[in-house]
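For reference, the structure is listed below as structure tokens.
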Amino acid sequence: MRAKLQIRAVALILLIMLSTASGKLVFVDADSHTPGADISNVFPGVRLAALYEAGVPELDGKVYSRQAYDPAFASTGTNVFGSSAAGADAYGKPRNETWVYPFAMLGVQLYDPADSVAIDVIGDGVSDFAAVEVYNAGGAMLEWAVTPEFSAGDVLRIQFTRDSFDITFVIAYGVSSGGSYYAVYFDNFEANVIPEPTTLLLLGLGGLVLRKRRP
């Protein structure tokens with residue numbers, strides 16, 4: 001009878017832990033790798049991808065650490081998220097450092113769902129706009145946001161906070177409108193993901209073992 005009560009107590013503790021878990025923070029920053037390094041699959045629990053809707057033959061789908069053309073274009077350190085895009089823009093800045101719809105969009109896949117995500121957006125011109133979208137595991141868009149107008153070197157942090165852990169994918173890009181293309185830089189991604197159930201289970205089982213050892 002006592003053993004059954006102990007097991008029920010542990011089960012109750014596990015339920016409480018699962019319902020009150022605050023999650024764990026995941027940080028993704030290009031500065032942790034040398035410029036030119038493929039960082040698509042180097043961060044635990046995260047996969048980065050370079051997405052496009054218009055034909056971009058040189059885009060290989062991978063995300064790289066790129067040293068910013070100007071240090072002001074990196075919100076942390078000197079590196080930003082980049083792609084394999086070739087050439088330079090009209091201002092002489094490498095295209096592989098910036099993101100603009102529909103030619104190059106930054107995708108972030110989370111293997112564990114999050115209730116909060118955030119990313120830094122940095123302007124590269126006189127007048128820029130950017131958008132960020134968040135999706136659930138079924139591919140449905142949950143929320144999206146467009147920045148106000150901002151200028152070269154300005155840093156805007158876009159953050160989404162949800163009531164539940166349902167964010168599994170993020171897409172970020174510079175906005176295109178009326179024939180104008182607003183390329184932007186992205187840096188310093190963060191997510192608050194749900195703790196792994198295995199970890200919580202081990203914590204609960206540890207409590208059960210400790211209780212059994214009592215005289």
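Chain labels run A, B, ... following the order of the structure tokens; each chain numbers its residues from 1, and ligands are numbered from 1 in the order shown.
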Query raised in the report: Leaving out segment 137-154 of chain A and any residue of its chain fewer than 4 positions from it, which residues lie within 6 Å of it when counting only C-alpha atoms, given as a PyMOL selection string?
Result: chain A and resi 72-73+122-133+168
* Determine, counting only C-alpha atoms, which protein, DNA and RNA residues have an atom within 7 Å of an atom of Ala183 of chain A; residues of the same chain fewer than 4 positions away are not included. Present the result as a list in words. => Thr98, Trp99, Val100, Asp124 and Gly174 of chain A
Kindly export the residues of the current selection with C-alpha atoms, as a CSV table (one decimal), in the first residue's frame.
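For reference, result.csv as written:
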```csv
chain,number,residue,atom,x,y,z
A,98,THR,CA,21.3,39.9,-46.3
A,99,TRP,CA,17.8,38.5,-46.7
A,100,VAL,CA,15.0,39.7,-48.8
A,124,ASP,CA,21.2,47.8,-44.3
A,174,GLY,CA,13.2,41.7,-45.8
```
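The set of residues in segment 84-208 of chain A assigned to alpha helix (DSSP H) by DSSP, using only backbone atoms of this structure, is Pro197, Thr198, Thr199, Leu200, Leu201, Leu202, Leu203, Gly204, Leu205, Gly206, Gly207 and Leu208 of chain A.
Nearest-residue note for Glu97 of chain A: choosing from A:Val121, A:Leu156, A:Ala68, A:Leu59, the minimum distance belongs to A:Ala68, counting only C-alpha atoms.
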Which residues of segment 34-65 of chain A come within 10 Å of segment 104-117 of chain A, and for each one, what is the closest pair of atoms and their distance in Å to one decimal, counting only C-alpha atoms, sorted by chain and residue number, as JSON lines?
```
{"residue": "A:Ser40", "atom": "CA", "partner": "A:Val108", "partner_atom": "CA", "distance": 9.2}
{"residue": "A:Pro44", "atom": "CA", "partner": "A:Tyr111", "partner_atom": "CA", "distance": 8.9}
{"residue": "A:Gly45", "atom": "CA", "partner": "A:Tyr111", "partner_atom": "CA", "distance": 5.1}
{"residue": "A:Val46", "atom": "CA", "partner": "A:Leu110", "partner_atom": "CA", "distance": 4.9}
{"residue": "A:Arg47", "atom": "CA", "partner": "A:Gln109", "partner_atom": "CA", "distance": 5.1}
{"residue": "A:Leu48", "atom": "CA", "partner": "A:Val108", "partner_atom": "CA", "distance": 4.8}
{"residue": "A:Ala49", "atom": "CA", "partner": "A:Gly107", "partner_atom": "CA", "distance": 4.9}
{"residue": "A:Ala50", "atom": "CA", "partner": "A:Leu106", "partner_atom": "CA", "distance": 5.1}
{"residue": "A:Leu51", "atom": "CA", "partner": "A:Met105", "partner_atom": "CA", "distance": 4.9}
{"residue": "A:Tyr52", "atom": "CA", "partner": "A:Ala104", "partner_atom": "CA", "distance": 5.0}
{"residue": "A:Glu53", "atom": "CA", "partner": "A:Ala104", "partner_atom": "CA", "distance": 7.9}
{"residue": "A:Ala54", "atom": "CA", "partner": "A:Ala104", "partner_atom": "CA", "distance": 8.4}
{"residue": "A:Gly55", "atom": "CA", "partner": "A:Ala104", "partner_atom": "CA", "distance": 9.7}
{"residue": "A:Val56", "atom": "CA", "partner": "A:Ala104", "partner_atom": "CA", "distance": 8.1}
{"residue": "A:Leu59", "atom": "CA", "partner": "A:Ala104", "partner_atom": "CA", "distance": 7.9}
{"residue": "A:Gly61", "atom": "CA", "partner": "A:Ala104", "partner_atom": "CA", "distance": 9.2}
{"residue": "A:Lys62", "atom": "CA", "partner": "A:Leu106", "partner_atom": "CA", "distance": 9.6}
{"residue": "A:Val63", "atom": "CA", "partner": "A:Leu106", "partner_atom": "CA", "distance": 8.0}
```
Got time to write the residues from that selection, N, CA and C atoms, as a compact mmCIF listing (two decimals), in the first residue's frame?
```txt
# COMPACT_ATOMS: atom_id res chain seq x y z
N SER A 40 24.12 25.36 -40.47
CA SER A 40 22.74 24.89 -40.65
C SER A 40 22.31 23.89 -39.58
N PRO A 44 22.22 22.58 -31.14
CA PRO A 44 21.34 21.52 -30.62
C PRO A 44 19.87 21.94 -30.65
N GLY A 45 19.06 21.07 -31.24
CA GLY A 45 17.62 21.30 -31.25
C GLY A 45 17.13 22.28 -32.30
N VAL A 46 18.04 22.75 -33.19
CA VAL A 46 17.68 23.77 -34.17
C VAL A 46 18.27 23.43 -35.53
N ARG A 47 17.51 23.68 -36.58
CA ARG A 47 18.02 23.55 -37.95
C ARG A 47 17.74 24.86 -38.68
N LEU A 48 18.77 25.43 -39.29
CA LEU A 48 18.64 26.66 -40.05
C LEU A 48 18.59 26.35 -41.54
N ALA A 49 17.86 27.16 -42.30
CA ALA A 49 17.76 26.93 -43.74
C ALA A 49 17.60 28.25 -44.48
N ALA A 50 18.14 28.30 -45.69
CA ALA A 50 17.97 29.44 -46.58
C ALA A 50 16.85 29.08 -47.57
N LEU A 51 15.74 29.78 -47.50
CA LEU A 51 14.56 29.47 -48.31
C LEU A 51 14.38 30.51 -49.41
N TYR A 52 13.68 30.14 -50.46
CA TYR A 52 13.40 31.09 -51.53
C TYR A 52 12.14 30.69 -52.27
N GLU A 53 11.49 31.68 -52.88
CA GLU A 53 10.34 31.43 -53.74
C GLU A 53 10.67 31.75 -55.18
N ALA A 54 11.54 32.73 -55.40
CA ALA A 54 12.01 33.04 -56.75
C ALA A 54 13.25 32.21 -57.05
N GLY A 55 13.53 31.96 -58.30
CA GLY A 55 14.67 31.13 -58.67
C GLY A 55 16.00 31.79 -58.33
N VAL A 56 16.77 31.12 -57.49
CA VAL A 56 18.10 31.62 -57.12
C VAL A 56 19.05 30.43 -57.25
N LEU A 59 21.71 29.61 -54.50
CA LEU A 59 21.29 29.38 -53.11
C LEU A 59 21.21 27.88 -52.86
N GLY A 61 20.47 26.34 -49.93
CA GLY A 61 19.58 25.97 -48.84
C GLY A 61 20.23 26.00 -47.47
N LYS A 62 21.52 26.23 -47.42
CA LYS A 62 22.24 26.23 -46.14
C LYS A 62 22.40 27.65 -45.59
N VAL A 63 22.64 27.72 -44.28
CA VAL A 63 22.90 29.00 -43.62
C VAL A 63 24.35 29.01 -43.14
```
Practice prompt. Considering only C-alpha atoms, return as an MDAnalysis selection string whatever protein or nucleic-acid residues lie within 6 Å of segment 22-31 of chain A, sequence-local ones (same chain, fewer than 2 positions apart) excluded.
Written response: chainID A and resid 33 65 79:81 188:195
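Put simply, atom CA of Asp38 of chain A is 23.6 Å away from atom CA of Val134 of chain A.
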> What is the distance between atom CA of Thr78 of chain A and atom CA of Arg66 of chain A, in Å to one decimal?
Replying inline: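 Here the two named atoms are 8.4 Å from each other.
Distance check against Ser164 of chain A using only C-alpha atoms: of A:Asn136, A:Tyr69, A:Ser177, A:Ala74, the minimum falls on A:Asn136.
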Point-to-point distance in Å for atom CA of Gln159 of chain A and atom CA of Tyr135 of chain A =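 Spanning atom CA of Tyr135 of chain A to atom CA of Gln159 of chain A is a straight-line distance of 13.7 Å.
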Quiz item: Please, which residues of chain A, numbered as in this document, come out strand (DSSP E or B) from DSSP, as an NGL selection string?
Solution: :A and (24-28 or 38 or 46-51 or 64-67 or 79-82 or 88 or 94 or 99-100 or 104-123 or 128 or 130-135 or 141-146 or 150 or 152 or 155-161 or 167-174 or 176-177 or 180-181 or 184-193)
Practice item. Within 8 Å of Arg157 of chain A, counting only C-alpha atoms, which residues show up once you throw out same-chain ones fewer than 4 positions away? Write them as number ranges by chain, please. Key: A: 118-121
Give me a file of those residues, with C-alpha atoms, as a PDB file, in the first residue's frame.
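Final file, result.pdb:
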```
ATOM      1  CA  ALA A 118      13.005  36.325 -30.777  1.00  0.00           C
ATOM      2  CA  ILE A 119      15.440  37.529 -33.433  1.00  0.00           C
ATOM      3  CA  ASP A 120      17.397  40.722 -34.123  1.00  0.00           C
ATOM      4  CA  VAL A 121      16.733  42.539 -37.403  1.00  0.00           C
TER       5      VAL A 121
END
```
